[in-house]
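Visitor: Got a structure for you, start-v1.cif, holding mmCIF, C-alpha atoms.
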data_target
#
loop_
_atom_site.label_atom_id
_atom_site.label_comp_id
_atom_site.auth_asym_id
_atom_site.auth_seq_id
_atom_site.Cartn_x
_atom_site.Cartn_y
_atom_site.Cartn_z
CA MET C 1 -3.61 -31.70 7.78
CA ILE C 2 -3.76 -32.29 4.04
CA ARG C 3 -2.86 -29.07 2.24
CA LYS C 4 -4.71 -28.15 -0.90
CA ASP C 5 -2.94 -26.79 -3.97
CA VAL C 6 -3.58 -23.10 -4.61
CA VAL C 7 -3.71 -21.73 -8.15
CA ILE C 8 -4.01 -18.29 -9.72
CA THR C 9 -7.00 -18.05 -12.03
CA GLY C 10 -7.29 -14.30 -12.56
CA ILE C 11 -5.08 -11.22 -12.61
CA GLY C 12 -6.08 -7.58 -12.64
CA LEU C 13 -3.08 -5.39 -13.40
CA VAL C 14 -2.78 -1.68 -14.10
CA SER C 15 0.58 0.08 -14.42
CA SER C 16 2.09 2.94 -16.37
CA LEU C 17 2.52 0.44 -19.22
CA GLY C 18 -1.23 -0.12 -19.59
CA GLU C 19 -3.98 -2.33 -18.20
CA GLY C 20 -4.68 -6.03 -18.34
CA PRO C 21 -2.53 -9.09 -19.07
CA ASP C 22 -2.48 -8.71 -22.85
CA ALA C 23 -1.18 -5.14 -22.73
CA HIS C 24 1.57 -6.04 -20.27
CA TRP C 25 2.64 -9.14 -22.18
CA GLU C 26 2.71 -7.15 -25.41
CA VAL C 27 5.14 -4.64 -23.91
CA LEU C 28 7.23 -6.78 -21.59
CA SER C 29 7.71 -9.87 -23.76
CA LYS C 30 9.64 -7.89 -26.37
CA PRO C 31 13.28 -6.78 -25.96
CA GLY C 32 13.93 -3.10 -25.45
CA ALA C 33 10.82 -2.13 -23.49
CA LYS C 34 11.00 1.46 -22.26
CA PRO C 35 9.54 2.85 -19.03
CA VAL C 36 6.85 5.52 -19.04
CA VAL C 37 8.16 8.31 -16.80
CA ASP C 38 6.99 11.77 -15.80
CA GLU C 39 10.03 13.78 -14.64
CA ALA C 40 8.37 17.20 -14.53
CA SER C 41 5.14 17.12 -12.53
CA PHE C 42 6.72 16.21 -9.19
CA ALA C 43 10.28 17.37 -9.76
CA PRO C 44 12.83 16.61 -8.46
CA TYR C 45 11.10 13.24 -8.07
CA PRO C 46 10.26 11.26 -11.25
CA VAL C 47 7.19 9.01 -11.23
CA HIS C 48 5.64 6.33 -13.41
CA PRO C 49 2.17 7.80 -14.02
CA LEU C 50 -1.23 6.17 -14.16
CA PRO C 51 -2.44 5.43 -17.70
CA PRO C 52 -5.84 6.70 -18.89
CA LEU C 53 -8.61 4.46 -17.55
CA SER C 54 -12.26 4.14 -18.49
CA LEU C 55 -13.48 3.93 -14.90
CA ASP C 56 -17.07 3.30 -15.98
CA ALA C 57 -16.07 -0.17 -17.17
CA GLN C 58 -15.42 -1.37 -13.61
CA ILE C 59 -17.02 1.34 -11.43
CA PRO C 60 -20.26 2.14 -13.29
CA LYS C 61 -21.82 4.53 -10.76
CA LYS C 62 -20.47 8.08 -10.89
CA GLY C 63 -21.38 8.52 -7.23
CA ASP C 64 -19.11 5.62 -6.30
CA GLN C 65 -16.29 7.12 -8.33
CA ARG C 66 -16.67 10.54 -6.72
CA GLN C 67 -16.56 9.34 -3.14
CA MET C 68 -13.31 7.40 -3.66
CA GLU C 69 -9.81 8.81 -3.54
CA PRO C 70 -7.69 8.04 -6.66
CA TRP C 71 -5.85 5.12 -5.07
CA GLN C 72 -9.20 3.56 -4.07
CA ARG C 73 -10.53 3.95 -7.61
CA LEU C 74 -7.37 2.34 -8.95
CA GLY C 75 -7.61 -0.61 -6.57
CA THR C 76 -11.32 -1.12 -7.16
CA TYR C 77 -10.75 -0.99 -10.90
CA ALA C 78 -7.92 -3.55 -10.77
CA ALA C 79 -9.98 -5.83 -8.54
CA GLY C 80 -12.75 -5.83 -11.14
CA LEU C 81 -10.26 -6.71 -13.86
CA ALA C 82 -9.09 -9.70 -11.83
CA ILE C 83 -12.63 -10.96 -11.24
CA ASP C 84 -13.41 -10.68 -14.96
CA ASN C 85 -10.13 -12.33 -15.96
CA ALA C 86 -11.00 -15.28 -13.73
CA GLY C 87 -14.56 -15.47 -15.07
CA ALA C 88 -15.71 -15.30 -11.45
CA ARG C 89 -18.49 -12.70 -11.45
CA GLY C 90 -20.93 -15.35 -10.31
CA LEU C 91 -18.76 -16.32 -7.34
CA VAL C 92 -18.29 -12.98 -5.61
CA SER C 93 -20.71 -13.80 -2.79
CA ASP C 94 -18.36 -16.59 -1.64
CA MET C 95 -15.11 -14.76 -2.43
CA HIS C 96 -12.83 -13.82 0.46
CA LEU C 97 -11.14 -10.42 0.21
CA ILE C 98 -7.67 -9.52 1.49
CA VAL C 99 -6.29 -6.08 0.76
CA ALA C 100 -2.90 -4.45 1.31
CA ALA C 101 -3.49 -0.74 1.78
CA GLY C 102 -1.64 2.45 2.55
CA GLY C 103 -2.80 5.10 4.98
CA GLY C 104 -5.19 6.85 2.63
CA GLU C 105 -4.77 10.16 0.88
CA ARG C 106 -4.23 13.39 2.79
CA ASP C 107 -5.47 16.95 2.46
CA ILE C 108 -2.53 18.53 0.63
CA ALA C 109 -3.60 22.10 1.42
CA VAL C 110 -3.64 21.35 5.16
CA ASP C 111 -0.27 19.59 4.97
CA GLU C 112 1.22 22.56 3.16
CA ALA C 113 -0.19 24.97 5.74
CA VAL C 114 1.27 22.93 8.59
CA ALA C 115 4.66 22.66 6.89
CA THR C 116 4.69 26.40 6.14
CA ALA C 117 3.81 27.25 9.72
CA PHE C 118 6.53 24.96 10.99
CA CYS C 119 9.14 26.57 8.73
CA THR C 120 8.13 30.20 9.22
CA THR C 121 7.11 30.37 12.87
CA PRO C 122 9.73 31.35 15.47
CA ALA C 123 11.05 28.31 17.31
CA ASP C 124 9.47 29.23 20.64
CA GLU C 125 6.05 29.58 18.99
CA VAL C 126 6.03 26.39 16.92
CA GLY C 127 4.29 24.28 19.57
CA PRO C 128 1.26 26.53 20.05
CA ALA C 129 0.97 27.10 16.28
CA LEU C 130 0.88 23.38 15.55
CA ASN C 131 -1.59 22.78 18.37
CA GLU C 132 -3.88 25.34 16.79
CA LYS C 133 -3.68 23.52 13.44
CA LEU C 134 -4.45 20.22 15.16
CA ALA C 135 -7.49 21.72 16.86
CA THR C 136 -8.93 23.50 13.83
CA GLU C 137 -7.84 21.76 10.62
CA LEU C 138 -6.56 18.25 11.34
CA ARG C 139 -9.88 17.13 12.76
CA PRO C 140 -10.62 13.37 12.84
CA THR C 141 -13.60 13.68 10.50
CA LEU C 142 -11.31 15.03 7.78
CA PHE C 143 -9.98 11.52 7.19
CA LEU C 144 -13.11 9.38 7.40
CA ALA C 145 -13.26 9.09 3.59
CA GLN C 146 -9.59 8.16 3.40
CA LEU C 147 -9.31 5.22 5.81
CA SER C 148 -7.28 2.31 4.50
CA ASN C 149 -9.95 -0.35 4.94
CA LEU C 150 -12.34 1.60 2.69
CA LEU C 151 -10.53 0.13 -0.32
CA ALA C 152 -11.86 -3.26 0.76
CA GLY C 153 -15.22 -1.66 1.47
CA ASN C 154 -15.44 -0.11 -1.98
CA ILE C 155 -14.50 -3.39 -3.65
CA SER C 156 -17.28 -5.10 -1.69
CA ILE C 157 -19.82 -2.43 -2.62
CA VAL C 158 -18.93 -2.09 -6.30
CA HIS C 159 -18.20 -5.72 -7.14
CA GLY C 160 -20.36 -7.51 -4.58
CA VAL C 161 -17.50 -9.38 -2.91
CA THR C 162 -19.12 -10.42 0.35
CA GLY C 163 -16.95 -13.16 1.82
CA SER C 164 -14.70 -12.40 4.78
CA SER C 165 -12.66 -9.21 4.49
CA ARG C 166 -9.23 -8.29 5.87
CA THR C 167 -7.04 -5.23 5.39
CA PHE C 168 -3.30 -5.20 6.06
CA MET C 169 -1.11 -2.14 6.56
CA GLY C 170 2.67 -2.04 6.74
CA GLU C 171 3.92 -1.02 3.30
CA GLU C 172 5.66 -3.83 1.34
CA SER C 173 5.22 -6.36 4.15
CA ALA C 174 1.46 -5.83 4.10
CA ALA C 175 1.30 -6.91 0.47
CA ALA C 176 3.40 -10.02 0.96
CA ASP C 177 1.47 -11.09 4.05
CA ALA C 178 -1.84 -10.47 2.30
CA VAL C 179 -0.86 -12.92 -0.45
CA ARG C 180 0.64 -15.37 2.03
CA ILE C 181 -2.41 -15.44 4.30
CA ALA C 182 -4.88 -15.64 1.42
CA ALA C 183 -3.00 -18.65 0.04
CA ALA C 184 -2.68 -20.25 3.48
CA ARG C 185 -6.40 -19.97 4.22
CA LEU C 186 -7.30 -21.63 0.93
CA SER C 187 -4.64 -24.30 1.37
CA GLU C 188 -6.04 -25.14 4.81
CA GLY C 189 -9.55 -25.53 3.42
CA ARG C 190 -10.98 -22.29 4.83
CA GLY C 191 -12.59 -21.27 1.57
CA GLY C 192 -12.36 -22.05 -2.11
CA ILE C 193 -11.71 -18.67 -3.72
CA ALA C 194 -10.16 -15.36 -2.67
CA LEU C 195 -9.36 -11.94 -4.11
CA VAL C 196 -6.10 -10.37 -2.89
CA GLY C 197 -4.07 -7.33 -3.89
CA GLY C 198 -3.35 -3.66 -3.40
CA ALA C 199 -2.98 -0.30 -5.12
CA TYR C 200 -0.61 2.66 -5.12
CA ALA C 201 -1.23 6.04 -6.75
CA SER C 202 2.20 7.52 -7.44
CA GLN C 203 1.06 11.00 -8.46
CA ARG C 204 0.57 12.39 -4.95
CA TRP C 205 2.44 15.22 -3.27
CA ASP C 206 1.67 13.80 0.17
CA LEU C 207 3.66 10.68 -0.70
CA MET C 208 6.54 12.80 -1.96
CA LEU C 209 6.55 14.48 1.45
CA LEU C 210 6.31 11.18 3.30
CA TYR C 211 8.92 9.16 1.43
CA GLY C 212 11.08 12.13 0.50
CA ALA C 213 11.46 13.05 4.16
CA GLY C 214 12.57 9.47 4.78
CA ASP C 215 15.21 9.79 2.02
CA ALA C 216 13.62 6.85 0.18
CA LEU C 217 12.91 8.56 -3.17
CA TRP C 218 15.20 8.87 -6.18
CA ARG C 219 15.92 12.50 -7.05
CA GLY C 220 16.74 13.86 -10.50
CA GLY C 221 16.53 12.34 -13.95
CA PHE C 222 15.26 8.80 -14.27
CA ALA C 223 17.77 5.97 -13.88
CA PRO C 224 17.28 2.18 -13.88
CA VAL C 225 16.96 0.49 -10.49
CA SER C 226 20.48 -0.93 -10.64
CA ALA C 227 22.06 2.40 -11.63
CA ARG C 228 20.96 4.61 -8.74
CA GLY C 229 24.32 4.62 -7.04
CA GLU C 230 25.11 4.94 -3.37
CA LYS C 231 22.30 7.39 -2.62
CA GLY C 232 19.66 5.15 -4.21
CA GLY C 233 15.93 5.69 -3.95
CA PHE C 234 12.75 4.38 -5.51
CA VAL C 235 10.70 5.85 -8.32
CA GLY C 236 7.02 5.61 -7.45
CA GLY C 237 4.99 3.58 -9.89
CA ALA C 238 1.22 3.79 -10.24
CA LEU C 239 0.07 0.21 -9.70
CA GLY C 240 -3.20 -1.60 -9.18
CA ALA C 241 -2.70 -5.34 -8.78
CA PHE C 242 -5.19 -8.01 -7.72
CA LEU C 243 -5.14 -11.80 -7.96
CA VAL C 244 -7.93 -14.34 -7.86
CA LEU C 245 -6.66 -17.37 -5.96
CA GLU C 246 -8.50 -20.68 -5.80
CA THR C 247 -7.92 -24.16 -4.59
CA ALA C 248 -7.10 -26.38 -7.56
CA GLU C 249 -10.19 -28.47 -6.92
CA HIS C 250 -12.44 -25.38 -6.78
CA ALA C 251 -11.07 -24.16 -10.10
CA ALA C 252 -11.44 -27.59 -11.68
CA ALA C 253 -15.02 -27.94 -10.47
CA ARG C 254 -16.06 -24.80 -12.32
CA GLY C 255 -13.94 -25.49 -15.39
CA ALA C 256 -11.49 -22.62 -14.85
CA THR C 257 -8.03 -22.84 -16.40
CA PRO C 258 -5.30 -21.93 -13.89
CA LEU C 259 -2.62 -19.48 -15.00
CA ALA C 260 -0.06 -20.82 -12.53
CA LYS C 261 0.29 -22.69 -9.27
CA LEU C 262 1.20 -20.64 -6.20
CA ALA C 263 3.54 -23.20 -4.68
CA GLY C 264 4.58 -21.19 -1.64
CA VAL C 265 4.87 -17.77 -0.03
CA ALA C 266 7.28 -16.97 2.79
CA THR C 267 7.78 -13.67 4.62
CA ASP C 268 10.00 -12.15 7.28
CA ALA C 269 10.91 -8.76 8.74
CA ALA C 270 14.63 -8.85 9.50
CA HIS C 271 16.17 -6.31 11.81
CA LYS C 272 17.82 -3.45 9.96
CA ARG C 273 21.47 -4.46 10.14
CA ALA C 274 24.13 -5.25 7.56
CA GLY C 275 23.48 -8.62 5.97
CA GLY C 276 20.21 -9.12 7.85
CA SER C 277 17.87 -8.96 4.88
CA ALA C 278 20.04 -11.19 2.69
CA ALA C 279 20.27 -13.81 5.45
CA ALA C 280 16.52 -13.62 6.04
CA ALA C 281 15.82 -14.13 2.34
CA GLN C 282 18.19 -17.10 2.20
CA ALA C 283 16.28 -18.67 5.10
CA LEU C 284 12.99 -18.07 3.29
CA TRP C 285 14.40 -19.66 0.14
CA ARG C 286 15.40 -22.76 2.09
CA LYS C 287 11.92 -22.82 3.59
CA LEU C 288 10.35 -22.90 0.13
CA GLY C 289 12.58 -25.87 -0.70
CA ALA C 290 12.59 -25.38 -4.47
CA PRO C 291 15.43 -26.32 -6.83
CA ALA C 292 17.38 -23.46 -8.41
CA GLN C 293 17.50 -25.27 -11.75
CA GLY C 294 15.26 -23.59 -14.33
CA LEU C 295 14.49 -20.73 -11.93
CA GLY C 296 13.46 -17.34 -13.24
CA VAL C 297 13.39 -14.43 -10.79
CA LEU C 298 11.11 -11.41 -10.88
CA SER C 299 12.74 -9.02 -8.44
CA GLY C 300 10.73 -6.30 -6.73
CA MET C 301 13.95 -4.41 -6.02
CA THR C 302 13.06 -0.86 -5.01
CA GLY C 303 16.28 1.00 -5.79
CA VAL C 304 16.79 2.16 -2.20
CA ALA C 305 20.53 1.62 -1.73
CA GLU C 306 20.68 -0.58 1.37
CA ALA C 307 17.79 -2.81 0.36
CA ARG C 308 19.22 -3.09 -3.16
CA THR C 309 22.62 -4.18 -1.84
CA GLU C 310 21.02 -6.80 0.38
CA GLU C 311 18.90 -8.22 -2.42
CA ASP C 312 21.85 -8.27 -4.83
CA ALA C 313 23.75 -10.38 -2.30
CA PHE C 314 20.82 -12.81 -2.11
CA LEU C 315 20.31 -12.97 -5.88
CA ASN C 316 24.01 -13.54 -6.55
CA GLY C 317 23.91 -16.72 -4.49
CA LEU C 318 20.80 -18.21 -6.10
CA GLY C 319 22.20 -19.52 -9.35
CA ALA C 320 19.00 -18.59 -11.16
CA ALA C 321 18.60 -19.10 -14.88
CA ALA C 322 17.37 -15.52 -15.35
CA VAL C 323 16.83 -12.45 -13.15
CA ARG C 324 14.57 -9.52 -14.07
CA ARG C 325 14.24 -6.29 -12.06
CA THR C 326 10.72 -5.15 -12.82
CA GLY C 327 11.02 -1.84 -10.96
CA THR C 328 12.96 -0.27 -13.82
CA LEU C 329 9.89 -0.52 -16.08
CA ILE C 330 6.91 -0.26 -13.73
CA GLY C 331 8.44 1.53 -10.75
CA HIS C 332 7.87 0.74 -7.10
CA GLY C 333 4.23 0.59 -6.06
CA VAL C 334 4.83 -0.22 -2.36
CA GLU C 335 1.71 -2.21 -1.31
CA ALA C 336 0.93 -3.17 -4.91
CA THR C 337 4.39 -4.29 -6.04
CA PHE C 338 4.40 -7.84 -4.65
CA PRO C 339 1.00 -8.87 -6.09
CA ALA C 340 1.92 -7.11 -9.35
CA ASN C 341 5.05 -9.21 -9.71
CA VAL C 342 3.16 -12.37 -8.78
CA ALA C 343 0.71 -11.44 -11.53
CA LEU C 344 3.55 -10.98 -14.03
CA GLY C 345 5.01 -14.33 -13.02
CA ALA C 346 1.68 -16.08 -13.52
CA LEU C 347 1.32 -14.35 -16.87
CA ALA C 348 4.73 -15.57 -18.04
CA LEU C 349 4.05 -19.16 -17.01
CA ALA C 350 0.61 -19.10 -18.65
CA ARG C 351 2.12 -17.80 -21.89
CA GLY C 352 4.90 -20.38 -21.80
CA GLY C 353 7.80 -17.94 -21.74
CA PHE C 354 9.73 -15.40 -19.70
CA PHE C 355 10.64 -11.76 -20.05
CA PRO C 356 13.74 -10.31 -21.73
CA ALA C 357 16.00 -8.02 -19.70
CA MET C 358 14.24 -5.10 -18.03
CA ASP C 359 17.27 -3.51 -16.33
CA PRO C 360 20.94 -3.20 -17.42
CA ALA C 361 21.97 -5.49 -14.54
CA ASP C 362 19.54 -8.26 -15.50
CA ALA C 363 21.35 -11.49 -16.31
CA GLY C 364 20.67 -14.91 -17.75
CA ASN C 365 18.52 -16.20 -20.57
CA GLY C 366 18.15 -19.82 -19.55
CA ALA C 367 14.98 -21.86 -19.79
CA VAL C 368 12.54 -21.02 -17.01
CA GLU C 369 10.42 -23.74 -15.43
CA ARG C 370 9.42 -21.95 -12.22
CA ILE C 371 9.47 -18.33 -11.09
CA LEU C 372 10.56 -16.79 -7.82
CA VAL C 373 9.09 -13.39 -6.92
CA THR C 374 11.08 -11.34 -4.43
CA GLY C 375 9.99 -8.41 -2.32
CA PHE C 376 12.54 -6.51 -0.21
CA GLY C 377 10.93 -3.57 1.55
CA GLN C 378 12.60 -0.19 1.11
CA TRP C 379 13.06 -0.12 4.87
CA ARG C 380 12.19 -3.55 6.23
CA GLY C 381 10.45 -6.75 5.19
CA GLU C 382 11.52 -9.64 2.98
CA ALA C 383 9.23 -11.92 1.02
CA LEU C 384 9.43 -14.68 -1.56
CA ALA C 385 6.70 -16.33 -3.63
CA LEU C 386 7.27 -19.44 -5.74
CA LEU C 387 5.19 -19.96 -8.87
CA GLU C 388 5.06 -23.16 -10.91
CA ARG C 389 3.29 -24.20 -14.06
CA ALA C 390 -0.26 -25.31 -13.43
CA ALA C 391 -0.84 -29.03 -13.82
#
Spell out the structure here as structure tokens.
Guide:
Amino acid sequence: MIRKDVVITGIGLVSSLGEGPDAHWEVLSKPGAKPVVDEASFAPYPVHPLPPLSLDAQIPKKGDQRQMEPWQRLGTYAAGLAIDNAGARGLVSDMHLIVAAGGGERDIAVDEAVATAFCTTPADEVGPALNEKLATELRPTLFLAQLSNLLAGNISIVHGVTGSSRTFMGEESAAADAVRIAAARLSEGRGGIALVGGAYASQRWDLMLLYGAGDALWRGGFAPVSARGEKGGFVGGALGAFLVLETAEHAAARGATPLAKLAGVATDAAHKRAGGSAAAAQALWRKLGAPAQGLGVLSGMTGVAEARTEEDAFLNGLGAAAVRRTGTLIGHGVEATFPANVALGALALARGGFFPAMDPADAGNGAVERILVTGFGQWRGEALALLERAA
């Protein structure tokens, strides 16, 4: 089978630093960029908050806005930015849609009631008390407006994207596989254009409960990714990130200028054991078969201690010209982080440069000819994407 080249022709990016490619390049291309952090609202957990958005620009109907949860609005908004950036409004009826989504937002009041009952009820009465909550308050219909695949549904409704639609769940791995499968389908000739990405709303107490209980969050005052010590943890970052991918011939036929070539995406889910993730990433790197010369790395390092140690081991053996840990400035957006970093890589290649240091541990200032995007899940999942300059 003859594989077709896949290029990135549009990016829709929203983070705590702003929205759109110009805003992100303006901040990140200059030395000394500072993160935007809220340390008070969800203490002891800092977050990178969502910037103000004019939702009407991408979601014009107030009724559509009201029926979406915040993370769905963020994803739908970012998807619209990507379509506009690619100049592809007239192609949405043929555009395939692949979304990486979380489990939807929860009813915080119900969660608090359940947690309170669990903590205050005598041990021998906990079971019946929780069963009562399940029967009366955690009813299935409570979550019908929060299902993960409704992000894809809302994008289809608001923007008219009516090609095939797929939704992936599985935290960081979902995002990497969404990009990988979108690129693979185009490369194999099963379509000419696709929209792929995800969203993460960091300002949510239910996520603090979820990831805090798993000991995955950084507690206390903000610290860069590389400086979170043995306890580690990630700082949630509000992120909406979508990419318009096309075959090179499809883009050329409509006169679109590619931002970058997506030369390869490789994913794995190594077993959680010492050295497993680093070895898996090394195997993925060999699979991509790219030279290390002139390589710039955009690392999606989360800050969770074990995953950080594994990725450091992998990065130290690469011999890259420059390594940048984006999580220090934009935080970790789980399902949105991988496409966000792919977007930043495409932006750098399109602008003919690379980014100055983002984290105190960032090293190297050599010339960058190609960019490797890494994604190590905070618990499991390794992914690499290789970007090259568009021909």
Visitor: Residues at most 9 Å from segment 370-372 of chain C, counting all atoms listed in the file, excluding those fewer than 4 positions away in the same chain, as JSON, numbers by chain?
Guide: {"C": [292, 293, 294, 295, 296, 297, 298, 299, 342, 345, 346, 348, 349, 384, 385, 386, 387, 388, 389]}
Visitor: Kindly save the residues from that selection, with C-alpha atoms included, as a PDB file, in the frame of the given file.
Guide:
ATOM      1  CA  ALA C 292      17.380 -23.460  -8.410  1.00  0.00           C
ATOM      2  CA  GLN C 293      17.500 -25.270 -11.750  1.00  0.00           C
ATOM      3  CA  GLY C 294      15.260 -23.590 -14.330  1.00  0.00           C
ATOM      4  CA  LEU C 295      14.490 -20.730 -11.930  1.00  0.00           C
ATOM      5  CA  GLY C 296      13.460 -17.340 -13.240  1.00  0.00           C
ATOM      6  CA  VAL C 297      13.390 -14.430 -10.790  1.00  0.00           C
ATOM      7  CA  LEU C 298      11.110 -11.410 -10.880  1.00  0.00           C
ATOM      8  CA  SER C 299      12.740  -9.020  -8.440  1.00  0.00           C
ATOM      9  CA  VAL C 342       3.160 -12.370  -8.780  1.00  0.00           C
ATOM     10  CA  GLY C 345       5.010 -14.330 -13.020  1.00  0.00           C
ATOM     11  CA  ALA C 346       1.680 -16.080 -13.520  1.00  0.00           C
ATOM     12  CA  ALA C 348       4.730 -15.570 -18.040  1.00  0.00           C
ATOM     13  CA  LEU C 349       4.050 -19.160 -17.010  1.00  0.00           C
ATOM     14  CA  LEU C 384       9.430 -14.680  -1.560  1.00  0.00           C
ATOM     15  CA  ALA C 385       6.700 -16.330  -3.630  1.00  0.00           C
ATOM     16  CA  LEU C 386       7.270 -19.440  -5.740  1.00  0.00           C
ATOM     17  CA  LEU C 387       5.190 -19.960  -8.870  1.00  0.00           C
ATOM     18  CA  GLU C 388       5.060 -23.160 -10.910  1.00  0.00           C
ATOM     19  CA  ARG C 389       3.290 -24.200 -14.060  1.00  0.00           C
TER      20      ARG C 389
END
Visitor: Measuring atom to atom with all atoms listed in the file, identify which of C:Gly333, C:Gly80, C:Gly327, C:Gly127 is nearest to Asp362 of chain C.
Guide: C:Gly327
Visitor: The PyMOL selection byres ((chain C and resi 184-196) around 7) - which residues does that actually catch in the file I just gave you? List them as a list in words.
Guide: Arg3, Lys4, Asp5, Val6, Met95, His96, Leu97, Ile98, Val99, Ala178, Val179, Arg180, Ile181, Ala182, Ala183, Gly197, Phe242, Leu243, Val244, Leu245, Glu246, Thr247 and His250 of chain C
Visitor: Can I get the selected residues back with C-alpha atoms, as a tab-separated table (two decimals), keeping the file's coordinate frame?
Guide:
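As a result, out13.tsv now contains:
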chain	number	residue	atom	x	y	z
C	3	ARG	CA	-2.86	-29.07	2.24
C	4	LYS	CA	-4.71	-28.15	-0.90
C	5	ASP	CA	-2.94	-26.79	-3.97
C	6	VAL	CA	-3.58	-23.10	-4.61
C	95	MET	CA	-15.11	-14.76	-2.43
C	96	HIS	CA	-12.83	-13.82	0.46
C	97	LEU	CA	-11.14	-10.42	0.21
C	98	ILE	CA	-7.67	-9.52	1.49
C	99	VAL	CA	-6.29	-6.08	0.76
C	178	ALA	CA	-1.84	-10.47	2.30
C	179	VAL	CA	-0.86	-12.92	-0.45
C	180	ARG	CA	0.64	-15.37	2.03
C	181	ILE	CA	-2.41	-15.44	4.30
C	182	ALA	CA	-4.88	-15.64	1.42
C	183	ALA	CA	-3.00	-18.65	0.04
C	197	GLY	CA	-4.07	-7.33	-3.89
C	242	PHE	CA	-5.19	-8.01	-7.72
C	243	LEU	CA	-5.14	-11.80	-7.96
C	244	VAL	CA	-7.93	-14.34	-7.86
C	245	LEU	CA	-6.66	-17.37	-5.96
C	246	GLU	CA	-8.50	-20.68	-5.80
C	247	THR	CA	-7.92	-24.16	-4.59
C	250	HIS	CA	-12.44	-25.38	-6.78
Visitor: Per residue of segment 295-383 of chain C within 8 Å of segment 152-175 of chain C, what are the shortest atom pair and its distance in Å to one decimal, counting all atoms listed in the file, with rows by chain and residue number, as CSV?
Guide:
residue,atom,partner,partner_atom,distance
C:Val334,CA,C:Glu172,CA,5.2
C:Glu335,CA,C:Glu172,CA,5.0
C:Ala336,CA,C:Ala175,CA,6.6
C:Thr337,CA,C:Glu172,CA,7.5
C:Phe338,CA,C:Ala175,CA,6.1
C:Pro339,CA,C:Ala175,CA,6.9
C:Gly375,CA,C:Glu172,CA,7.3
C:Phe376,CA,C:Glu172,CA,7.5
C:Gly377,CA,C:Glu172,CA,5.3
C:Gln378,CA,C:Glu172,CA,7.8
C:Arg380,CA,C:Ser173,CA,7.8
C:Gly381,CA,C:Ser173,CA,5.3
C:Glu382,CA,C:Ser173,CA,7.2
C:Ala383,CA,C:Ser173,CA,7.5
Visitor: Would you mind telling me which residue in C:Leu13, C:Ala238, C:Ala88, C:Ile2 lies nearest to Ala256 of chain C when using only C-alpha atoms?
Guide: C:Ala88
Visitor: Could N, CA and C atoms be built for segment 312-324 of chain C and written out as a PDB file, in the frame of the given file?
Guide:
ATOM      1  N   ASP C 312      20.802  -7.832  -3.892  1.00  0.00           N
ATOM      2  CA  ASP C 312      21.850  -8.270  -4.830  1.00  0.00           C
ATOM      3  C   ASP C 312      22.656  -9.414  -4.236  1.00  0.00           C
ATOM      4  N   ALA C 313      22.986  -9.313  -2.956  1.00  0.00           N
ATOM      5  CA  ALA C 313      23.750 -10.380  -2.300  1.00  0.00           C
ATOM      6  C   ALA C 313      22.966 -11.688  -2.318  1.00  0.00           C
ATOM      7  N   PHE C 314      21.657 -11.607  -2.070  1.00  0.00           N
ATOM      8  CA  PHE C 314      20.820 -12.810  -2.110  1.00  0.00           C
ATOM      9  C   PHE C 314      20.732 -13.373  -3.523  1.00  0.00           C
ATOM     10  N   LEU C 315      20.476 -12.513  -4.505  1.00  0.00           N
ATOM     11  CA  LEU C 315      20.310 -12.970  -5.880  1.00  0.00           C
ATOM     12  C   LEU C 315      21.591 -13.588  -6.428  1.00  0.00           C
ATOM     13  N   ASN C 316      22.736 -13.021  -6.058  1.00  0.00           N
ATOM     14  CA  ASN C 316      24.010 -13.540  -6.550  1.00  0.00           C
ATOM     15  C   ASN C 316      24.288 -14.958  -6.089  1.00  0.00           C
ATOM     16  N   GLY C 317      23.688 -15.368  -4.989  1.00  0.00           N
ATOM     17  CA  GLY C 317      23.910 -16.720  -4.490  1.00  0.00           C
ATOM     18  C   GLY C 317      22.863 -17.730  -4.917  1.00  0.00           C
ATOM     19  N   LEU C 318      21.897 -17.310  -5.723  1.00  0.00           N
ATOM     20  CA  LEU C 318      20.800 -18.210  -6.100  1.00  0.00           C
ATOM     21  C   LEU C 318      21.161 -19.172  -7.218  1.00  0.00           C
ATOM     22  N   GLY C 319      21.946 -18.702  -8.170  1.00  0.00           N
ATOM     23  CA  GLY C 319      22.200 -19.520  -9.350  1.00  0.00           C
ATOM     24  C   GLY C 319      21.004 -19.639 -10.255  1.00  0.00           C
ATOM     25  N   ALA C 320      20.215 -18.572 -10.343  1.00  0.00           N
ATOM     26  CA  ALA C 320      19.000 -18.590 -11.160  1.00  0.00           C
ATOM     27  C   ALA C 320      19.326 -18.556 -12.641  1.00  0.00           C
ATOM     28  N   ALA C 321      18.412 -19.098 -13.433  1.00  0.00           N
ATOM     29  CA  ALA C 321      18.600 -19.100 -14.880  1.00  0.00           C
ATOM     30  C   ALA C 321      18.428 -17.709 -15.474  1.00  0.00           C
ATOM     31  N   ALA C 322      17.612 -16.871 -14.845  1.00  0.00           N
ATOM     32  CA  ALA C 322      17.370 -15.520 -15.350  1.00  0.00           C
ATOM     33  C   ALA C 322      16.834 -14.659 -14.215  1.00  0.00           C
ATOM     34  N   VAL C 323      17.289 -13.407 -14.159  1.00  0.00           N
ATOM     35  CA  VAL C 323      16.830 -12.450 -13.150  1.00  0.00           C
ATOM     36  C   VAL C 323      16.334 -11.195 -13.856  1.00  0.00           C
ATOM     37  N   ARG C 324      15.138 -10.726 -13.481  1.00  0.00           N
ATOM     38  CA  ARG C 324      14.570  -9.520 -14.070  1.00  0.00           C
ATOM     39  C   ARG C 324      14.119  -8.562 -12.966  1.00  0.00           C
TER      40      ARG C 324
END
